[in-house]
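Below: upload_9.txt (compact mmCIF, C-alpha atoms (C1' of nucleotides))
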```txt
# COMPACT_ATOMS: atom_id res chain seq x y z
CA MET Q 285 127.97 106.61 72.84
CA SER Q 286 129.69 104.99 75.71
CA VAL Q 287 130.02 107.92 78.10
CA ILE Q 288 126.31 108.61 78.09
CA ARG Q 289 125.51 104.99 78.58
CA GLU Q 290 127.79 104.90 81.55
CA ARG Q 291 126.14 107.89 83.13
CA ARG Q 292 122.75 106.29 82.62
CA GLU Q 293 123.81 103.06 84.20
CA ARG Q 294 125.31 104.97 87.09
CA GLU Q 295 122.07 106.85 87.65
CA ARG Q 296 120.18 103.64 87.39
CA ALA Q 297 122.37 102.01 90.02
CA GLN Q 298 121.81 104.98 92.30
CA ARG Q 299 118.08 104.68 91.91
CA HIS Q 300 118.36 100.97 92.61
CA GLN Q 301 120.01 101.71 95.93
CA LEU Q 302 117.55 104.51 96.60
CA ILE Q 303 114.68 102.07 96.36
CA ILE Q 304 116.35 99.71 98.80
CA THR Q 305 117.08 102.34 101.40
CA ALA Q 306 113.61 103.85 101.02
CA ALA Q 307 112.03 100.46 101.58
CA ARG Q 308 114.24 99.92 104.58
CA GLU Q 309 113.47 103.28 106.14
CA LEU Q 310 109.77 102.87 105.61
CA ALA Q 311 109.84 99.40 107.13
CA GLU Q 312 111.86 100.51 110.13
CA ALA Q 313 109.59 103.48 110.71
CA GLU Q 314 106.19 101.86 110.24
CA GLY Q 315 106.70 98.14 109.78
CA TRP Q 316 106.64 96.03 106.63
CA GLU Q 317 102.87 96.10 106.31
CA ALA Q 318 103.25 99.81 105.56
CA VAL Q 319 105.67 99.12 102.71
CA THR Q 320 103.36 99.02 99.72
CA THR Q 321 104.54 99.47 96.17
CA ARG Q 322 102.55 102.68 95.91
CA ARG Q 323 103.98 104.28 99.02
CA LEU Q 324 107.45 103.17 98.07
CA ALA Q 325 107.11 104.61 94.59
CA GLU Q 326 105.85 107.88 96.00
CA ARG Q 327 108.82 108.00 98.35
CA VAL Q 328 111.41 107.57 95.62
CA GLU Q 329 109.43 110.04 93.47
CA TYR Q 330 108.86 107.66 90.61
CA SER Q 331 105.83 105.76 89.44
CA GLN Q 332 105.14 102.19 90.52
CA PRO Q 333 106.34 100.42 87.35
CA VAL Q 334 109.93 101.61 87.76
CA LEU Q 335 110.17 99.40 90.82
CA TYR Q 336 109.52 96.45 88.56
CA SER Q 337 112.27 97.49 86.18
CA HIS Q 338 114.70 97.09 89.06
CA PHE Q 339 113.18 94.17 90.97
CA SER Q 340 111.05 91.25 89.91
CA GLY Q 341 108.54 92.06 92.63
CA LYS Q 342 108.05 93.20 96.17
CA ASP Q 343 109.66 90.03 97.53
CA ALA Q 344 112.86 90.85 95.70
CA ILE Q 345 112.98 94.29 97.33
CA VAL Q 346 112.58 92.76 100.77
CA ARG Q 347 115.30 90.30 99.91
CA ALA Q 348 117.64 93.10 98.88
CA VAL Q 349 117.03 94.90 102.16
CA ALA Q 350 117.68 91.68 104.04
CA ILE Q 351 121.00 91.02 102.33
CA ASP Q 352 122.16 94.53 103.12
CA ALA Q 353 121.20 93.94 106.72
CA PHE Q 354 123.15 90.69 106.93
CA GLY Q 355 126.31 92.67 106.40
CA GLU Q 356 125.46 94.95 109.29
CA LEU Q 357 124.60 92.07 111.55
CA ALA Q 358 127.90 90.38 110.74
CA ALA Q 359 129.79 93.56 111.58
CA HIS Q 360 127.82 93.98 114.80
CA LEU Q 361 128.60 90.43 115.90
CA ARG Q 362 132.23 90.72 114.93
CA ARG Q 363 132.62 93.83 117.04
CA ALA Q 364 131.11 92.04 120.00
CA ARG Q 365 133.25 88.96 119.60
CA SER Q 366 136.54 90.80 119.36
CA ALA Q 367 135.77 92.68 122.56
CA GLY Q 368 136.42 89.71 124.84
CA PRO Q 369 139.07 87.31 123.57
CA GLU Q 370 138.20 84.38 125.83
CA PRO Q 371 135.90 81.92 124.10
CA ARG Q 372 133.34 81.81 126.89
CA GLN Q 373 132.99 85.57 127.10
CA ALA Q 374 133.09 85.89 123.35
CA LEU Q 375 130.14 83.57 122.93
CA HIS Q 376 128.18 85.45 125.55
CA ALA Q 377 128.94 88.77 123.92
CA VAL Q 378 128.03 87.57 120.45
CA CYS Q 379 124.75 86.15 121.66
CA ARG Q 380 123.87 89.33 123.47
CA ALA Q 381 124.75 91.35 120.39
CA TYR Q 382 122.50 89.14 118.29
CA LEU Q 383 119.52 89.71 120.57
CA GLU Q 384 120.29 93.41 120.65
CA PHE Q 385 120.15 93.55 116.89
CA ALA Q 386 116.86 91.69 116.86
CA THR Q 387 115.15 93.97 119.36
CA GLU Q 388 116.57 97.24 118.11
CA ARG Q 389 115.94 96.60 114.42
CA PRO Q 390 112.85 94.41 114.40
CA ALA Q 391 111.92 95.24 110.82
CA LEU Q 392 115.31 94.28 109.45
CA TYR Q 393 115.30 91.15 111.56
CA GLN Q 394 111.92 90.17 110.16
CA ALA Q 395 113.14 90.57 106.60
CA MET Q 396 116.22 88.50 107.29
CA PHE Q 397 114.84 85.67 109.34
CA VAL Q 398 111.08 85.37 109.34
CA MET Q 399 109.69 86.59 106.06
CA PRO Q 400 109.50 83.86 103.42
CA THR Q 401 112.67 83.79 101.40
CA ASP Q 402 114.36 81.79 98.72
CA VAL Q 403 117.84 82.89 99.72
CA LYS Q 404 120.04 79.84 100.03
CA PHE Q 405 121.45 79.60 103.53
CA ALA Q 406 123.84 76.69 103.99
CA HIS Q 407 124.64 76.39 100.32
CA ALA Q 408 127.19 77.16 97.66
CA GLU Q 409 125.53 80.38 96.52
CA THR Q 410 124.92 81.72 100.01
CA PRO Q 411 125.52 85.48 100.02
CA PRO Q 412 128.87 86.27 101.70
CA PRO Q 413 127.43 88.63 104.36
CA LEU Q 414 125.19 85.82 105.50
CA ARG Q 415 128.11 83.44 105.68
CA ALA Q 416 130.04 86.00 107.68
CA ALA Q 417 127.26 86.44 110.23
CA PHE Q 418 126.94 82.71 110.79
CA GLY Q 419 130.72 82.45 110.89
CA GLU Q 420 130.82 84.69 113.94
CA PHE Q 421 128.98 82.05 115.92
CA VAL Q 422 131.21 79.31 114.62
CA ALA Q 423 134.30 81.34 115.49
CA CYS Q 424 133.33 81.29 119.15
CA PHE Q 425 134.48 77.67 119.32
CA ARG Q 426 137.95 76.28 118.93
CA PRO Q 427 138.88 75.40 115.36
CA ASP Q 428 139.68 71.81 116.29
CA ASN Q 429 136.14 71.32 117.47
CA ALA Q 430 134.65 69.06 114.83
CA ARG Q 431 131.07 69.87 115.76
CA ARG Q 432 131.33 73.60 116.01
CA GLU Q 433 129.00 74.13 113.10
CA LEU Q 434 126.36 72.05 114.83
CA PHE Q 435 126.84 74.06 118.01
CA ALA Q 436 126.49 77.27 116.08
CA GLU Q 437 123.28 76.10 114.47
CA VAL Q 438 121.73 75.19 117.79
CA ILE Q 439 122.75 78.40 119.49
CA TRP Q 440 121.57 80.45 116.59
CA SER Q 441 118.25 78.58 116.60
CA ALA Q 442 117.81 79.16 120.31
CA LEU Q 443 118.54 82.86 119.99
CA HIS Q 444 116.22 83.16 117.06
CA GLY Q 445 113.45 81.46 119.01
CA MET Q 446 113.94 83.76 121.94
CA ALA Q 447 114.03 86.83 119.73
CA VAL Q 448 110.94 86.04 117.74
CA LEU Q 449 108.83 84.73 120.61
CA ALA Q 450 109.66 87.78 122.69
CA ASP Q 451 108.94 90.10 119.78
CA SER Q 452 105.49 88.63 119.23
CA GLY Q 453 104.69 88.71 122.95
CA ARG Q 454 104.67 84.95 123.34
CA ILE Q 455 107.27 85.03 126.07
CA PRO Q 456 107.74 88.03 128.37
CA PRO Q 457 110.37 90.33 126.84
CA ASP Q 458 111.73 91.20 130.28
CA GLY Q 459 113.25 87.81 130.98
CA GLN Q 460 115.46 87.93 127.92
CA GLU Q 461 118.68 88.62 129.81
CA GLU Q 462 118.04 85.82 132.28
CA ARG Q 463 117.28 83.36 129.50
CA LEU Q 464 120.40 84.40 127.66
CA ASP Q 465 122.57 83.78 130.71
CA PHE Q 466 121.09 80.36 131.21
CA LEU Q 467 121.44 79.42 127.59
CA VAL Q 468 125.08 80.40 127.37
CA ALA Q 469 125.89 78.77 130.68
CA GLN Q 470 124.48 75.47 129.45
CA LEU Q 471 125.87 75.54 125.94
CA ALA Q 472 129.25 77.13 126.51
CA ASP Q 473 131.08 74.16 128.00
CA THR Q 474 130.81 71.70 125.20
CA PRO Q 475 131.45 68.00 125.63
CA ASN Q 476 134.29 68.20 123.17
CA MET B 266 59.86 79.98 122.17
CA SER B 267 62.79 78.49 123.92
CA VAL B 268 63.07 75.18 122.12
CA ILE B 269 63.36 76.80 118.72
CA ARG B 270 65.86 79.26 119.98
CA GLU B 271 67.94 76.41 121.32
CA ARG B 272 67.91 74.61 118.00
CA ARG B 273 68.98 77.78 116.22
CA GLU B 274 71.80 78.36 118.58
CA ARG B 275 72.85 74.75 118.19
CA GLU B 276 72.89 75.07 114.43
CA ARG B 277 74.79 78.29 114.73
CA ALA B 278 77.39 76.67 116.95
CA GLN B 279 77.76 73.87 114.42
CA ARG B 280 78.34 76.34 111.66
CA HIS B 281 80.83 78.13 113.84
CA GLN B 282 82.84 74.96 114.19
CA LEU B 283 82.37 74.20 110.50
CA ILE B 284 84.09 77.45 109.62
CA ILE B 285 86.99 76.66 111.90
CA THR B 286 87.55 73.18 110.55
CA ALA B 287 87.15 74.37 106.98
CA ALA B 288 89.76 77.05 107.53
CA ARG B 289 92.04 74.52 109.11
CA GLU B 290 91.66 71.98 106.33
CA LEU B 291 92.22 74.58 103.67
CA ALA B 292 95.33 75.87 105.44
CA GLU B 293 96.74 72.39 105.93
CA ALA B 294 96.08 71.48 102.31
CA GLU B 295 97.28 74.64 100.57
CA GLY B 296 98.80 76.95 103.19
CA TRP B 297 97.41 80.03 104.87
CA GLU B 298 97.89 82.24 101.84
CA ALA B 299 95.18 80.15 100.17
CA VAL B 300 92.72 80.80 102.99
CA THR B 301 90.81 83.79 101.69
CA THR B 302 87.42 84.81 102.97
CA ARG B 303 85.91 84.05 99.59
CA ARG B 304 87.28 80.55 99.31
CA LEU B 305 86.39 79.85 102.89
CA ALA B 306 82.82 81.05 102.39
CA GLU B 307 82.49 78.95 99.28
CA ARG B 308 83.75 75.93 101.17
CA VAL B 309 81.21 76.24 103.98
CA GLU B 310 78.55 76.97 101.37
CA TYR B 311 77.59 80.36 102.69
CA SER B 312 78.28 83.88 101.53
CA GLN B 313 81.20 85.87 102.82
CA PRO B 314 79.34 88.06 105.33
CA VAL B 315 78.27 85.12 107.48
CA LEU B 316 81.90 84.67 108.42
CA TYR B 317 81.78 88.11 109.96
CA SER B 318 78.71 87.24 112.01
CA HIS B 319 80.79 84.54 113.69
CA PHE B 320 84.20 86.17 113.80
CA SER B 321 85.35 89.76 113.95
CA GLY B 322 87.65 89.15 110.99
CA LYS B 323 90.05 86.78 109.35
CA ASP B 324 92.51 87.12 112.20
CA ALA B 325 89.92 85.83 114.63
CA ILE B 326 89.40 82.72 112.51
CA VAL B 327 93.11 82.01 112.46
CA ARG B 328 93.16 82.51 116.21
CA ALA B 329 90.33 80.02 116.68
CA VAL B 330 92.18 77.43 114.61
CA ALA B 331 95.30 78.05 116.65
CA ILE B 332 93.56 77.58 119.98
CA ASP B 333 92.06 74.30 118.80
CA ALA B 334 95.52 73.21 117.78
CA PHE B 335 97.02 74.07 121.15
CA GLY B 336 94.85 71.40 122.68
CA GLU B 337 96.15 68.83 120.23
CA LEU B 338 99.74 69.85 120.79
CA ALA B 339 99.27 69.55 124.55
CA ALA B 340 97.84 66.06 124.16
CA HIS B 341 100.64 65.08 121.81
CA LEU B 342 103.29 66.27 124.25
CA ARG B 343 101.57 64.64 127.21
CA ARG B 344 101.52 61.30 125.43
CA ALA B 345 105.21 61.60 124.72
CA ARG B 346 106.09 62.58 128.25
CA SER B 347 104.19 59.76 129.92
CA ALA B 348 105.97 57.23 127.70
CA GLY B 349 109.27 57.46 129.53
CA PRO B 350 108.99 58.21 133.23
CA GLU B 351 112.57 59.26 133.82
CA PRO B 352 113.00 63.03 133.63
CA ARG B 353 115.86 62.94 131.16
CA GLN B 354 114.09 60.64 128.74
CA ALA B 355 110.84 62.49 129.25
CA LEU B 356 112.38 65.78 128.22
CA HIS B 357 113.92 64.22 125.15
CA ALA B 358 110.63 62.63 124.15
CA VAL B 359 108.66 65.82 124.67
CA CYS B 360 111.11 67.84 122.61
CA ARG B 361 111.05 65.30 119.81
CA ALA B 362 107.26 65.29 119.87
CA TYR B 363 107.23 69.07 119.64
CA LEU B 364 109.41 69.06 116.54
CA GLU B 365 107.32 66.29 115.08
CA PHE B 366 104.21 68.38 115.48
CA ALA B 367 105.90 71.37 113.87
CA THR B 368 107.07 69.47 110.80
CA GLU B 369 103.98 67.36 110.29
CA ARG B 370 101.47 70.16 110.75
CA PRO B 371 103.26 73.23 109.49
CA ALA B 372 100.13 75.24 108.85
CA LEU B 373 98.80 74.74 112.35
CA TYR B 374 102.20 75.51 113.76
CA GLN B 375 102.31 78.75 111.83
CA ALA B 376 98.96 79.83 113.18
CA MET B 377 99.98 79.04 116.73
CA PHE B 378 103.48 80.43 116.86
CA VAL B 379 104.43 82.66 113.99
CA MET B 380 101.39 84.51 112.73
CA PRO B 381 100.74 87.78 114.55
CA THR B 382 98.46 87.20 117.47
CA ASP B 383 96.98 89.02 120.39
CA VAL B 384 96.48 85.87 122.42
CA LYS B 385 97.94 86.39 125.86
CA PHE B 386 100.63 83.84 126.58
CA ALA B 387 102.07 84.12 130.08
CA HIS B 388 99.07 85.90 131.46
CA ALA B 389 95.94 85.51 133.57
CA GLU B 390 93.62 85.02 130.59
CA THR B 391 95.87 82.59 128.75
CA PRO B 392 93.73 79.90 127.13
CA PRO B 393 93.94 76.63 129.12
CA PRO B 394 95.15 74.46 126.20
CA LEU B 395 98.07 76.81 125.75
CA ARG B 396 98.87 76.61 129.45
CA ALA B 397 98.70 72.84 129.25
CA ALA B 398 101.13 72.66 126.35
CA PHE B 399 103.67 74.86 128.08
CA GLY B 400 103.09 72.90 131.28
CA GLU B 401 104.33 69.74 129.61
CA PHE B 402 107.75 71.28 129.27
CA VAL B 403 107.71 72.50 132.85
CA ALA B 404 106.65 69.07 134.07
CA CYS B 405 109.86 67.58 132.71
CA PHE B 406 111.70 69.14 135.64
CA ARG B 407 111.42 68.33 139.31
CA PRO B 408 108.78 70.35 141.15
CA ASP B 409 111.29 71.64 143.66
CA ASN B 410 113.30 73.21 140.87
CA ALA B 411 112.71 76.91 141.37
CA ARG B 412 113.81 77.86 137.87
CA ARG B 413 111.94 75.22 135.92
CA GLU B 414 109.79 77.82 134.20
CA LEU B 415 112.88 79.58 132.96
CA PHE B 416 114.27 76.29 131.70
CA ALA B 417 111.04 75.54 129.93
CA GLU B 418 111.03 78.93 128.23
CA VAL B 419 114.56 78.49 126.95
CA ILE B 420 113.97 74.97 125.71
CA TRP B 421 110.77 75.97 124.05
CA SER B 422 112.50 78.93 122.40
CA ALA B 423 115.28 76.73 121.12
CA LEU B 424 112.86 74.19 119.70
CA HIS B 425 110.82 76.92 118.12
CA GLY B 426 113.89 78.39 116.52
CA MET B 427 114.93 75.03 115.14
CA ALA B 428 111.44 74.33 113.86
CA VAL B 429 110.91 77.61 112.11
CA LEU B 430 114.41 77.96 110.66
CA ALA B 431 114.25 74.44 109.29
CA ASP B 432 110.78 75.03 107.87
CA SER B 433 111.88 78.13 105.99
CA GLY B 434 115.01 76.41 104.71
CA ARG B 435 117.39 78.58 106.72
CA ILE B 436 118.99 75.57 108.34
CA PRO B 437 119.14 72.14 106.66
CA PRO B 438 116.07 70.14 107.75
CA ASP B 439 118.10 66.95 107.80
CA GLY B 440 120.20 67.80 110.81
CA GLN B 441 117.18 68.25 113.06
CA GLU B 442 117.67 65.02 114.97
CA GLU B 443 121.32 65.73 115.64
CA ARG B 444 120.56 69.23 116.84
CA LEU B 445 117.84 67.90 119.09
CA ASP B 446 120.20 65.41 120.71
CA PHE B 447 122.79 68.07 121.34
CA LEU B 448 120.27 70.52 122.75
CA VAL B 449 118.79 68.04 125.18
CA ALA B 450 122.19 66.77 126.23
CA GLN B 451 123.29 70.27 127.13
CA LEU B 452 120.10 71.45 128.79
CA ALA B 453 118.96 68.30 130.56
CA ASP B 454 121.40 68.34 133.46
CA THR B 455 120.50 71.60 135.04
CA PRO B 456 122.73 73.29 137.60
CA ASN B 457 119.98 72.92 140.16
C1' DG U 1287 44.86 83.15 112.12
C1' DC U 1288 47.33 87.01 111.15
C1' DA U 1289 49.82 91.40 111.10
C1' DG U 1290 54.32 93.26 112.92
C1' DG U 1291 58.94 93.05 114.01
C1' DA U 1292 63.27 91.06 114.61
C1' DT U 1293 66.65 88.35 112.48
C1' DA U 1294 69.37 86.00 109.06
C1' DG U 1295 71.51 85.83 104.63
C1' DC U 1296 72.44 87.56 100.21
C1' DT U 1297 73.97 90.80 96.42
C1' DA U 1298 76.72 94.40 95.36
C1' DG U 1299 80.32 97.33 96.14
C1' DC U 1300 84.27 100.08 98.54
C1' DG U 1301 89.05 100.82 99.19
C1' DT U 1302 93.48 98.65 98.96
C1' DT U 1303 96.85 95.35 97.44
C1' DG U 1304 100.67 93.58 93.85
C1' DC U 1305 101.43 93.80 89.23
C1' DT U 1306 101.09 94.88 83.97
C1' DA U 1307 99.71 96.48 79.28
C1' DG U 1308 100.12 100.03 76.27
C1' DA U 1309 100.51 104.84 75.16
C1' DG U 1310 103.47 108.71 74.98
C1' DT U 1311 107.63 111.21 75.34
C1' DT U 1312 112.30 111.97 75.36
C1' DG U 1313 116.70 111.92 73.45
C1' DC U 1314 120.51 109.49 71.18
C1' DG U 1315 122.74 107.97 66.71
C1' DT U 1316 123.08 108.10 61.86
C1' DA L 497 116.73 116.17 60.32
C1' DC L 498 114.87 112.00 61.00
C1' DG L 499 113.87 107.46 62.82
C1' DC L 500 114.49 104.32 66.23
C1' DA L 501 115.07 102.72 70.85
C1' DA L 502 114.83 103.21 75.53
C1' DC L 503 112.39 104.97 79.30
C1' DT L 504 108.47 106.42 82.20
C1' DC L 505 103.77 107.30 83.09
C1' DT L 506 98.67 106.69 83.10
C1' DA L 507 95.23 103.54 83.51
C1' DG L 508 93.53 99.36 84.68
C1' DC L 509 93.15 94.16 86.14
C1' DA L 510 92.25 90.63 89.40
C1' DA L 511 92.12 89.50 94.12
C1' DC L 512 92.08 90.87 98.85
C1' DG L 513 89.41 91.96 103.59
C1' DC L 514 85.40 93.90 104.87
C1' DT L 515 80.58 96.29 104.96
C1' DA L 516 76.17 98.66 103.71
C1' DG L 517 71.69 97.77 102.79
C1' DC L 518 67.96 95.16 100.63
C1' DT L 519 65.10 90.86 100.77
C1' DA L 520 63.06 87.03 102.56
C1' DT L 521 62.03 84.23 106.31
C1' DC L 522 60.28 82.94 110.58
C1' DC L 523 58.98 83.71 115.39
C1' DT L 524 55.96 86.39 118.48
C1' DG L 525 51.94 88.66 120.58
C1' DC L 526 47.18 89.79 119.89
```

For this file, write the structure as structure tokens.
Amino acid sequence: MSVIRERRERERAQRHQLIITAARELAEAEGWEAVTTRRLAERVEYSQPVLYSHFSGKDAIVRAVAIDAFGELAAHLRRARSAGPEPRQALHAVCRAYLEFATERPALYQAMFVMPTDVKFAHAETPPPLRAAFGEFVACFRPDNARRELFAEVIWSALHGMAVLADSGRIPPDGQEERLDFLVAQLADTPN
Amino acid sequence: MSVIRERRERERAQRHQLIITAARELAEAEGWEAVTTRRLAERVEYSQPVLYSHFSGKDAIVRAVAIDAFGELAAHLRRARSAGPEPRQALHAVCRAYLEFATERPALYQAMFVMPTDVKFAHAETPPPLRAAFGEFVACFRPDNARRELFAEVIWSALHGMAVLADSGRIPPDGQEERLDFLVAQLADTPN
DNA sequence: GCAGGATAGCTAGCGTTGCTAGAGTTGCGT
DNA sequence: ACGCAACTCTAGCAACGCTAGCTATCCTGC
């Protein structure tokens, strides 16, 4: 009785992940507006209602994709930060890596940072990958800096603004590098 | 023949504006997801298809609301800037006014800056109100500053990031004032 | 003054969306 | 072998943006 149950739960977990990766691939290939429950169901070769036995709705699927992506972003930032040990260079590298992620994976970025979400961000039940990603910004400042979290928030906000305005064509995407240099130059030497 | 035609066109123009203000009011009261073509038609007391005789589609209505709002934002920023004549204070005031606008009129802000748009921003056919709003940021720097446009872009990006991340609950809305102070302190004294 | 034509607005409906109720089938456990 | 429980599918609902096509109205030219 227990062996069979285990196999079933294992298969179910696999299908759960299958749905997430299918949604992700579809979004990355054609954008989130192409991710409909019907197309997604067709892609995983099940009928629509099985999606709802795994997720409460489409929003929950997007959320699952986003949380996966937070882990990747954190890893990407970490790699960039550990490349240059000096704090100034580290900050620059992390910021560049962040913008890279945003432009190279626009669909994932949307799911993480612009689509409506009820994921708690600066909170007790914040998902660990999210914490880790934010922590990479914080880690660019010296631990004795009492306001490093504030700095991280502002830098992150600025990068997010640049990323999303460039993506929607509201600022010219070419100038991104120049803006990045200016931003880091101004924010790197902190008054504390 | 001509008088009647003029009256008709006048009435038509009034209805055109009526649709825009109705869409705006509905969005500000209940959010853009509540602005459906049916509800909007009901509100202006016409049937759905008349909307499409004024606008090519729902997107065009949102765009019209946004362009109206750009004028108001520009005026709001201008008022703030002319309050304190010194460049440092002016920048601070303009930035604070921008965030004010974003938090007090979230629906308008969404239409202007986050909903997909094909309005040209830094372009020849950029709508004048939009130019004016951006110009308020530029005007906070001395005219002989060759990179003032770059500065304005970065500041605007940072403010936009703060506004939108706070609105979606991704950073705590309380710390907005503190972040603003830090941002302006770091960006105000430019290296040129 | 009156027919003819353009125009304006409505009803009705199409295709698509997210989501769900209920039937039907499969397969395990006793 | 049988009954129950879990699972999956078909079919359909309400709401969405948008449009075709009929009807009525009103201006225009004779």

For this session: Using only C-alpha atoms (C1' of nucleotides), collect all residues at a distance of at most 10 Å from (117.0, 72.9, 109.8) as written in the file, then present them as a PyMOL selection string.
Result: (chain Q and resi 406+437-438+441) or (chain B and resi 426-442+444)

Problem set entry | Distance in Å - CA of Ala348 (chain B) versus CA of Ala331 (chain B) | 25.9 Å

Problem set entry | Proximal residues of chain Q relative to chain L (only C-alpha atoms (C1' of nucleotides); 10 Å) as a list in words | Tyr330, Ser331, Gln332, Pro333 and Val334 of chain Q

Contacts of chain U with region 312-326 of chain Q up to 10 Å, shortest pair per row, only C-alpha atoms (C1' of nucleotides), as a Markdown table:
```
| residue | atom | partner | partner_atom | distance |
| --- | --- | --- | --- | --- |
| U:DT1302 | C1' | Q:Thr320 | CA | 9.9 |
| U:DT1303 | C1' | Q:Thr320 | CA | 7.8 |
| U:DG1304 | C1' | Q:Thr321 | CA | 7.4 |
| U:DC1305 | C1' | Q:Thr321 | CA | 9.5 |
```

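With all atoms listed in the file taken into account, the protein and nucleic acid residues at most 6 Å from region 422-432 of chain Q (excluding it and anything under 3 positions from it in its own chain) are Pro371, Leu375, Gly419, Phe435 and Ala436 of chain Q.
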
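Distances from B:Ala389, B:Met377, B:Ala292, B:Phe402 to chain Q were compared using only C-alpha atoms, and the smallest one belongs to B:Met377.
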
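For the pair CA of Pro412 (chain Q) and CA of Ala391 (chain Q), the interatomic distance is 21.2 Å.
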
Problem set entry | Distance query Tyr374 (chain B) at most 12 Å, only C-alpha atoms (C1' of nucleotides), self and fewer than 5 positions along chain excluded, as a ChimeraX atom specification | /B:289,292-293,296-297,327-328,330-335,337-338,363-369,379-380,425,428-429,432

Using all atoms listed in the file, find each residue in chain U having at least one atom no more than 12 Å away from chain B; report its shortest atom-to-atom pair and that distance in Å (one decimal), rows by chain then rising number, as CSV.
```
residue,atom,partner,partner_atom,distance
U:DT1293,C1',B:Arg273,CA,11.5
U:DA1294,C1',B:Val315,CA,9.1
U:DG1295,C1',B:Val315,CA,7.4
U:DC1296,C1',B:Ser312,CA,7.0
U:DT1297,C1',B:Ser312,CA,9.6
```
